[in-house]
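Next up, protein.cif (mmCIF, C-alpha atoms):
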data_coords
loop_
_atom_site.label_atom_id
_atom_site.label_comp_id
_atom_site.auth_asym_id
_atom_site.auth_seq_id
_atom_site.Cartn_x
_atom_site.Cartn_y
_atom_site.Cartn_z
CA MET A 1 -48.73 -135.75 -28.24
CA ILE A 2 -51.06 -137.39 -25.75
CA ILE A 3 -50.07 -139.69 -22.89
CA SER A 4 -52.74 -141.57 -20.95
CA HIS A 5 -51.49 -143.05 -17.70
CA LYS A 6 -54.81 -144.81 -17.05
CA HIS A 7 -54.87 -146.53 -20.44
CA ARG A 8 -51.08 -146.67 -20.70
CA PHE A 9 -50.62 -145.34 -24.20
CA ILE A 10 -48.67 -142.65 -26.03
CA PHE A 11 -50.07 -141.04 -29.17
CA VAL A 12 -47.39 -139.47 -31.38
CA ARG A 13 -48.99 -136.84 -33.56
CA THR A 14 -47.68 -136.68 -37.14
CA ARG A 15 -48.77 -134.09 -39.71
CA LYS A 16 -51.56 -134.10 -42.31
CA VAL A 17 -53.11 -137.37 -41.14
CA ALA A 18 -56.26 -136.15 -39.31
CA SER A 19 -54.22 -136.05 -36.10
CA SER A 20 -56.05 -132.97 -34.80
CA SER A 21 -59.36 -134.79 -35.13
CA LEU A 22 -57.88 -137.85 -33.46
CA GLU A 23 -56.60 -135.78 -30.54
CA ILE A 24 -60.08 -134.32 -30.04
CA ALA A 25 -61.51 -137.85 -29.94
CA LEU A 26 -58.83 -139.04 -27.52
CA ALA A 27 -59.32 -136.07 -25.16
CA LYS A 28 -62.40 -137.64 -23.58
CA LEU A 29 -60.21 -140.51 -22.34
CA LEU A 30 -57.86 -138.22 -20.44
CA GLU A 31 -57.78 -137.54 -16.73
CA PRO A 32 -56.27 -134.53 -14.90
CA ASN A 33 -52.92 -136.25 -14.30
CA ASP A 34 -52.51 -137.20 -17.96
CA PHE A 35 -50.37 -135.34 -20.47
CA ALA A 36 -51.38 -133.49 -23.62
CA THR A 37 -49.48 -130.89 -25.57
CA ARG A 38 -51.38 -127.72 -26.44
CA GLN A 39 -53.71 -128.21 -29.38
CA SER A 40 -55.92 -125.29 -30.43
CA ASP A 41 -58.53 -127.31 -32.33
CA ARG A 42 -59.08 -129.62 -29.40
CA GLU A 43 -59.36 -126.68 -27.03
CA LYS A 44 -61.88 -124.88 -29.27
CA GLN A 45 -64.14 -127.92 -29.40
CA THR A 46 -63.86 -128.98 -25.75
CA GLY A 47 -63.86 -125.41 -24.43
CA GLN A 48 -61.03 -126.06 -22.04
CA LEU A 49 -57.32 -126.65 -21.68
CA PHE A 50 -57.42 -130.33 -20.91
CA PRO A 51 -55.71 -131.66 -18.99
CA ASN A 52 -54.13 -128.86 -16.95
CA PHE A 53 -50.75 -128.58 -18.59
CA ASP A 54 -47.98 -126.02 -18.41
CA SER A 55 -46.69 -125.63 -21.96
CA ARG A 56 -43.50 -124.14 -20.54
CA ILE A 57 -42.44 -127.47 -19.02
CA PHE A 58 -38.71 -127.92 -19.52
CA GLY A 59 -37.42 -131.20 -20.90
CA GLY A 60 -33.67 -130.63 -20.84
CA PHE A 61 -31.46 -129.99 -23.85
CA ASP A 62 -31.10 -131.82 -27.15
CA LYS A 63 -27.80 -132.84 -28.71
CA ARG A 64 -27.39 -129.35 -30.19
CA LEU A 65 -27.93 -127.82 -26.72
CA ARG A 66 -31.34 -126.43 -27.65
CA PRO A 67 -33.87 -126.37 -24.78
CA ILE A 68 -36.68 -128.91 -25.13
CA PHE A 69 -40.26 -127.78 -24.63
CA PRO A 70 -43.09 -130.14 -25.60
CA TYR A 71 -45.21 -129.01 -28.54
CA GLY A 72 -48.03 -130.43 -30.63
CA HIS A 73 -45.91 -132.53 -32.96
CA ALA A 74 -43.42 -133.55 -30.28
CA PRO A 75 -41.31 -136.63 -31.08
CA ILE A 76 -41.53 -139.81 -29.04
CA THR A 77 -38.10 -139.04 -27.61
CA GLN A 78 -39.62 -136.14 -25.64
CA ALA A 79 -42.03 -138.52 -23.91
CA TYR A 80 -39.10 -140.63 -22.78
CA ARG A 81 -37.09 -137.59 -21.71
CA LEU A 82 -39.97 -136.21 -19.64
CA PHE A 83 -41.41 -139.39 -18.11
CA GLY A 84 -38.59 -141.92 -18.42
CA ARG A 85 -39.24 -145.42 -17.13
CA GLN A 86 -42.76 -144.49 -16.04
CA VAL A 87 -43.90 -144.83 -19.67
CA GLU A 88 -41.39 -147.41 -20.88
CA ASP A 89 -44.01 -150.13 -21.25
CA TYR A 90 -46.80 -147.87 -22.57
CA LYS A 91 -48.18 -148.80 -25.98
CA VAL A 92 -47.21 -146.32 -28.68
CA PHE A 93 -49.31 -145.53 -31.72
CA SER A 94 -49.13 -143.01 -34.53
CA VAL A 95 -50.52 -142.38 -38.02
CA ASP A 96 -48.81 -142.34 -41.37
CA ARG A 97 -49.95 -141.64 -44.91
CA ASN A 98 -49.00 -142.23 -48.51
CA PRO A 99 -46.15 -139.69 -48.90
CA TRP A 100 -47.27 -138.57 -52.37
CA ASP A 101 -50.73 -137.81 -51.00
CA ARG A 102 -49.28 -136.13 -47.89
CA ALA A 103 -47.10 -133.87 -50.07
CA VAL A 104 -50.17 -132.52 -51.91
CA SER A 105 -52.05 -131.99 -48.65
CA THR A 106 -49.03 -130.23 -47.13
CA PHE A 107 -48.74 -128.01 -50.19
CA PHE A 108 -52.30 -126.72 -49.84
CA TRP A 109 -51.95 -126.36 -46.06
CA SER A 110 -48.81 -124.27 -46.56
CA ASN A 111 -50.75 -122.06 -48.98
CA ARG A 112 -53.94 -121.89 -46.90
CA SER A 113 -53.79 -118.09 -46.60
CA THR A 114 -53.56 -117.61 -50.37
CA ASP A 115 -55.96 -118.22 -53.26
CA MET A 116 -54.08 -121.40 -54.29
CA ARG A 117 -57.09 -123.70 -53.91
CA ASP A 118 -59.05 -121.58 -56.43
CA LEU A 119 -56.36 -121.36 -59.14
CA PRO A 120 -56.51 -123.41 -62.36
CA GLU A 121 -54.99 -126.85 -61.98
CA ASP A 122 -52.06 -126.15 -64.31
CA GLU A 123 -51.05 -123.23 -62.07
CA GLN A 124 -51.44 -125.39 -58.98
CA ARG A 125 -49.23 -128.09 -60.49
CA SER A 126 -46.55 -125.53 -61.38
CA ALA A 127 -46.59 -124.10 -57.85
CA PHE A 128 -46.58 -127.63 -56.42
CA ARG A 129 -43.44 -128.48 -58.39
CA ALA A 130 -41.63 -125.45 -56.94
CA PHE A 131 -42.89 -126.33 -53.45
CA LEU A 132 -41.59 -129.89 -53.70
CA LYS A 133 -38.14 -128.84 -54.84
CA SER A 134 -37.67 -126.98 -51.56
CA SER A 135 -39.59 -129.38 -49.30
CA ALA A 136 -37.99 -132.60 -50.50
CA HIS A 137 -34.53 -131.38 -49.49
CA PRO A 138 -34.63 -129.69 -46.06
CA GLY A 139 -32.18 -126.83 -45.78
CA LEU A 140 -29.94 -125.87 -42.89
CA LYS A 141 -32.60 -123.88 -40.99
CA ARG A 142 -35.03 -126.79 -41.03
CA ARG A 143 -32.48 -129.45 -40.14
CA LEU A 144 -30.92 -127.47 -37.29
CA PHE A 145 -33.79 -125.42 -35.91
CA GLY A 146 -36.97 -127.11 -37.14
CA ILE A 147 -38.10 -124.02 -39.06
CA ASN A 148 -40.94 -124.93 -41.46
CA ALA A 149 -40.79 -128.55 -40.28
CA HIS A 150 -44.47 -128.82 -41.27
CA ARG A 151 -43.25 -129.06 -44.86
CA ASP A 152 -41.38 -132.32 -44.26
CA ILE A 153 -42.63 -135.09 -46.52
CA SER A 154 -41.34 -137.76 -44.15
CA GLN A 155 -42.66 -137.73 -40.58
CA ARG A 156 -40.81 -140.81 -39.33
CA HIS A 157 -38.47 -138.78 -37.13
CA LEU A 158 -41.44 -138.15 -34.82
CA TYR A 159 -42.03 -141.82 -33.97
CA CYS A 160 -38.57 -143.27 -34.57
CA ILE A 161 -35.37 -143.38 -32.57
CA GLY A 162 -32.74 -143.53 -35.26
CA ASP A 163 -34.23 -145.85 -37.88
CA VAL A 164 -36.24 -147.90 -35.38
CA PRO A 165 -39.96 -147.03 -35.05
CA MET A 166 -41.19 -147.13 -31.45
CA VAL A 167 -44.72 -147.76 -32.69
CA ASP A 168 -46.67 -150.80 -31.51
CA PHE A 169 -49.65 -149.95 -33.73
CA MET A 170 -49.52 -147.80 -36.86
CA LEU A 171 -52.75 -146.29 -38.11
CA ARG A 172 -52.95 -145.84 -41.87
CA PHE A 173 -54.63 -142.62 -43.00
CA GLU A 174 -56.03 -144.45 -46.02
CA ASN A 175 -57.72 -147.04 -43.80
CA LEU A 176 -58.29 -144.90 -40.72
CA ASN A 177 -61.77 -145.96 -39.59
CA ASP A 178 -61.04 -149.70 -39.73
CA ASP A 179 -57.63 -149.23 -38.11
CA LEU A 180 -59.14 -147.14 -35.30
CA GLU A 181 -61.56 -149.94 -34.51
CA GLN A 182 -58.66 -152.38 -34.26
CA LEU A 183 -56.60 -149.92 -32.22
CA SER A 184 -59.44 -149.53 -29.72
CA THR A 185 -59.39 -153.28 -29.15
CA PHE A 186 -55.59 -153.32 -28.98
CA LEU A 187 -55.63 -150.65 -26.25
CA ASP A 188 -58.58 -152.30 -24.47
CA LEU A 189 -60.56 -149.05 -24.49
CA PRO A 190 -64.09 -148.87 -23.08
CA GLU A 191 -65.51 -147.83 -26.48
CA PRO A 192 -64.16 -147.47 -30.03
CA ILE A 193 -62.33 -144.28 -31.02
CA ASP A 194 -64.47 -142.43 -33.57
CA VAL A 195 -63.48 -139.41 -35.65
CA ALA A 196 -66.32 -139.65 -38.15
CA ASN A 197 -68.06 -136.47 -36.98
CA ILE A 198 -64.93 -134.44 -36.19
CA ARG A 199 -63.65 -132.05 -38.83
CA ALA A 200 -60.51 -130.24 -37.71
CA LYS A 201 -58.27 -128.34 -40.12
CA THR A 202 -60.22 -129.19 -43.25
CA GLN A 203 -61.18 -127.26 -46.41
CA HIS A 204 -57.66 -126.15 -47.27
CA ARG A 205 -57.48 -128.53 -50.21
CA PRO A 206 -59.97 -128.10 -53.07
CA LYS A 207 -62.50 -130.88 -53.36
CA THR A 208 -61.77 -131.12 -57.10
CA SER A 209 -58.11 -131.98 -56.36
CA ARG A 210 -58.52 -135.04 -54.14
CA ALA A 211 -56.81 -137.28 -56.71
CA TYR A 212 -53.23 -136.54 -55.71
CA GLN A 213 -51.81 -138.49 -58.66
CA SER A 214 -52.92 -135.75 -61.06
CA PHE A 215 -50.38 -133.33 -59.54
CA TYR A 216 -47.37 -135.41 -60.47
CA ASP A 217 -45.04 -135.89 -63.37
CA ASP A 218 -41.96 -138.15 -63.41
CA GLU A 219 -39.73 -135.50 -61.84
CA THR A 220 -41.99 -134.62 -58.90
CA ARG A 221 -42.89 -138.24 -58.30
CA LYS A 222 -39.18 -139.04 -57.96
CA LEU A 223 -38.64 -136.12 -55.54
CA VAL A 224 -41.14 -137.63 -53.11
CA GLU A 225 -39.78 -141.12 -53.68
CA ASP A 226 -36.30 -139.96 -52.67
CA ALA A 227 -37.57 -138.07 -49.61
CA ALA A 228 -39.72 -140.98 -48.40
CA GLN A 229 -37.39 -143.92 -48.99
CA TRP A 230 -37.85 -145.14 -45.42
CA GLU A 231 -41.66 -145.18 -45.66
CA ILE A 232 -41.54 -146.97 -49.00
CA LYS A 233 -39.19 -149.63 -47.63
CA HIS A 234 -40.56 -150.11 -44.11
CA LEU A 235 -44.26 -149.23 -44.44
CA GLY A 236 -44.84 -150.54 -47.95
CA TYR A 237 -46.06 -147.31 -49.51
CA GLN A 238 -46.10 -147.00 -53.27
CA PHE A 239 -47.38 -144.24 -55.54
CA ASP A 240 -50.86 -145.66 -55.94
CA ASN A 241 -51.73 -148.15 -53.21
CA THR A 242 -52.80 -148.77 -49.64
CA PRO A 243 -49.88 -150.25 -47.69
CA PRO A 244 -49.94 -153.67 -46.04
CA LYS A 245 -50.65 -153.89 -42.33
CA PHE A 246 -47.85 -152.51 -40.16
CA ALA A 247 -45.51 -154.94 -38.40
CA PRO A 248 -43.83 -153.56 -35.24
CA ASP A 249 -40.04 -153.51 -35.30
CA PRO A 250 -38.66 -156.29 -33.05
CA ASN A 251 -35.78 -154.00 -32.03
CA ARG A 252 -38.02 -151.30 -30.56
CA SER A 253 -37.89 -152.49 -26.92
CA GLU A 254 -34.11 -152.70 -26.85
CA THR A 255 -33.72 -149.34 -28.60
CA LYS A 256 -36.22 -147.71 -26.25
CA ALA A 257 -34.56 -149.09 -23.11
CA ARG A 258 -31.15 -147.93 -24.27
CA TYR A 259 -32.45 -144.43 -25.03
CA ILE A 260 -34.28 -144.07 -21.71
CA ALA A 261 -31.25 -145.24 -19.79
CA LYS A 262 -29.23 -142.54 -21.54
CA VAL A 263 -31.55 -139.54 -21.15
CA SER A 264 -34.09 -140.28 -18.42
CA ARG A 265 -34.36 -138.13 -15.32
CA LYS A 266 -36.92 -140.48 -13.76
#
Spit out the file's structure as structure tokens when you get a sec.
Amino acid sequence: MIISHKHRFIFVRTRKVASSSLEIALAKLLEPNDFATRQSDREKQTGQLFPNFDSRIFGGFDKRLRPIFPYGHAPITQAYRLFGRQVEDYKVFSVDRNPWDRAVSTFFWSNRSTDMRDLPEDEQRSAFRAFLKSSAHPGLKRRLFGINAHRDISQRHLYCIGDVPMVDFMLRFENLNDDLEQLSTFLDLPEPIDVANIRAKTQHRPKTSRAYQSFYDDETRKLVEDAAQWEIKHLGYQFDNTPPKFAPDPNRSETKARYIAKVSRK
């Protein structure tokens, strides 16, 4: 997560959507009093912890009485818990992706330390089927403690409060460069955000397997469909398409204000 007080925006970082590259690009906009969760790829490329940030900052307790410490894929609710009304009118943006494509990318990322990317495609598809059967239905450890949350096919919990997305502008992974140009105008930034020459967390998925559709049969396609019902309904994703342009939820301001009033310390 990145929060710019100068430019008055909050970036909610979802998974497997080039978010590491986007954070590196956004880092040059930040000033010392801004907020950024720790992000190793950004730090490797910039050569510094930027801005100065104590990753041990305490954000209270969640509804299960677990202590809240901000982390890379922190949900929007943590921004409101930590900064309260100070950021209530900040513009929120995030990135989402076709869930069937994300599932394949997540599969290879989860197997990055193995030889999965070099196996024959029939073996990859078999392993992918087994992976989906566990990922599409989060177990108790993941639901209660967030263990292996990187496997989640749906990422909406990061930018939603309940079923209401707090997002004012949703970037689409499939249309990222054009959407970034529009986002830069929307945020009134001094220059367009550009990730064209940034390559963070790549090369885990074999180049010969970029067509995600080839990994699916009727059973595995349905597993993702069931896990990503919200994205299909609200973002317009289908198995083989680019979604229509995102429309912000008209209830987001009321939902946000109610949440901040409930949890804010500021």
Work out how far atom CA of A:Met1 is from atom CA of A:Asn33, in Å to one decimal.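 Calculated distance between atom CA of A:Asn33 and atom CA of A:Met1 is 14.6 Å.
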Taking the file as shown, what set of residues would the PyMOL selection byres ((chain A and resi 249-253) around 10) give back, as a VMD selection string? chain A and resid 88 to 89 160 to 161 163 to 168 234 246 to 248 254 to 259
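With distances restricted to all atoms listed in the file, A:Tyr90 is the closest residue to A:Arg8 from A:Ala127, A:Tyr90, A:Val195, A:Ala211.
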Interatomic distance between atom CA of A:Phe128 and atom CA of A:Trp230? 22.4 Å
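As for atom CA of A:Phe35 and atom CA of A:Asn98, they are spaced 28.9 Å apart.
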Give me the result of the PyMOL selection byres ((chain A and resi 29) around 12) on this file, residue by residue, as a PDB file with C-alpha atoms, in the coordinates of the input.
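Below is the file that was written, expr_0.pdb:
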ATOM      1  CA  ILE A   2     -51.060-137.390 -25.750  1.00  0.00           C
ATOM      2  CA  ILE A   3     -50.070-139.690 -22.890  1.00  0.00           C
ATOM      3  CA  SER A   4     -52.740-141.570 -20.950  1.00  0.00           C
ATOM      4  CA  HIS A   5     -51.490-143.050 -17.700  1.00  0.00           C
ATOM      5  CA  LYS A   6     -54.810-144.810 -17.050  1.00  0.00           C
ATOM      6  CA  HIS A   7     -54.870-146.530 -20.440  1.00  0.00           C
ATOM      7  CA  ARG A   8     -51.080-146.670 -20.700  1.00  0.00           C
ATOM      8  CA  PHE A   9     -50.620-145.340 -24.200  1.00  0.00           C
ATOM      9  CA  LEU A  22     -57.880-137.850 -33.460  1.00  0.00           C
ATOM     10  CA  GLU A  23     -56.600-135.780 -30.540  1.00  0.00           C
ATOM     11  CA  ILE A  24     -60.080-134.320 -30.040  1.00  0.00           C
ATOM     12  CA  ALA A  25     -61.510-137.850 -29.940  1.00  0.00           C
ATOM     13  CA  LEU A  26     -58.830-139.040 -27.520  1.00  0.00           C
ATOM     14  CA  ALA A  27     -59.320-136.070 -25.160  1.00  0.00           C
ATOM     15  CA  LYS A  28     -62.400-137.640 -23.580  1.00  0.00           C
ATOM     16  CA  LEU A  30     -57.860-138.220 -20.440  1.00  0.00           C
ATOM     17  CA  GLU A  31     -57.780-137.540 -16.730  1.00  0.00           C
ATOM     18  CA  PRO A  32     -56.270-134.530 -14.900  1.00  0.00           C
ATOM     19  CA  ASN A  33     -52.920-136.250 -14.300  1.00  0.00           C
ATOM     20  CA  ASP A  34     -52.510-137.200 -17.960  1.00  0.00           C
ATOM     21  CA  PHE A  35     -50.370-135.340 -20.470  1.00  0.00           C
ATOM     22  CA  ALA A  36     -51.380-133.490 -23.620  1.00  0.00           C
ATOM     23  CA  PHE A  50     -57.420-130.330 -20.910  1.00  0.00           C
ATOM     24  CA  PRO A  51     -55.710-131.660 -18.990  1.00  0.00           C
ATOM     25  CA  SER A 184     -59.440-149.530 -29.720  1.00  0.00           C
ATOM     26  CA  LEU A 187     -55.630-150.650 -26.250  1.00  0.00           C
ATOM     27  CA  LEU A 189     -60.560-149.050 -24.490  1.00  0.00           C
ATOM     28  CA  PRO A 190     -64.090-148.870 -23.080  1.00  0.00           C
ATOM     29  CA  GLU A 191     -65.510-147.830 -26.480  1.00  0.00           C
ATOM     30  CA  PRO A 192     -64.160-147.470 -30.030  1.00  0.00           C
ATOM     31  CA  ILE A 193     -62.330-144.280 -31.020  1.00  0.00           C
TER      32      ILE A 193
END
Kindly reconstruct stretch 101-112 of chain A with N, CA, C and O atoms and present the result as a compact mmCIF listing (two decimals), in the frame of the given file.
# COMPACT_ATOMS: atom_id res chain seq x y z
N ASP A 101 -49.48 -138.47 -51.40
CA ASP A 101 -50.73 -137.81 -51.00
C ASP A 101 -50.46 -136.76 -49.92
O ASP A 101 -51.01 -135.66 -49.97
N ARG A 102 -49.60 -137.09 -48.95
CA ARG A 102 -49.28 -136.13 -47.89
C ARG A 102 -48.65 -134.87 -48.47
O ARG A 102 -48.92 -133.77 -48.02
N ALA A 103 -47.78 -135.02 -49.48
CA ALA A 103 -47.10 -133.87 -50.07
C ALA A 103 -48.11 -132.89 -50.66
O ALA A 103 -47.98 -131.67 -50.52
N VAL A 104 -49.15 -133.40 -51.33
CA VAL A 104 -50.17 -132.52 -51.91
C VAL A 104 -50.95 -131.83 -50.81
O VAL A 104 -51.21 -130.62 -50.87
N SER A 105 -51.31 -132.58 -49.77
CA SER A 105 -52.05 -131.99 -48.65
C SER A 105 -51.21 -130.92 -47.95
O SER A 105 -51.72 -129.84 -47.60
N THR A 106 -49.93 -131.19 -47.76
CA THR A 106 -49.03 -130.23 -47.13
C THR A 106 -48.89 -128.97 -47.98
O THR A 106 -48.82 -127.85 -47.45
N PHE A 107 -48.85 -129.14 -49.27
CA PHE A 107 -48.74 -128.01 -50.19
C PHE A 107 -49.92 -127.05 -50.01
O PHE A 107 -49.75 -125.84 -49.87
N PHE A 108 -51.13 -127.59 -49.99
CA PHE A 108 -52.30 -126.72 -49.84
C PHE A 108 -52.38 -126.13 -48.43
O PHE A 108 -52.80 -124.98 -48.25
N TRP A 109 -51.97 -126.90 -47.42
CA TRP A 109 -51.95 -126.36 -46.06
C TRP A 109 -50.97 -125.19 -45.97
O TRP A 109 -51.27 -124.17 -45.34
N SER A 110 -49.82 -125.33 -46.60
CA SER A 110 -48.81 -124.27 -46.56
C SER A 110 -49.27 -123.02 -47.30
O SER A 110 -48.77 -121.93 -47.03
N ASN A 111 -50.21 -123.20 -48.21
CA ASN A 111 -50.75 -122.06 -48.98
C ASN A 111 -52.17 -121.71 -48.57
O ASN A 111 -52.91 -121.09 -49.34
N ARG A 112 -52.56 -122.06 -47.34
CA ARG A 112 -53.94 -121.89 -46.90
C ARG A 112 -54.38 -120.42 -46.85
O ARG A 112 -55.57 -120.13 -46.92
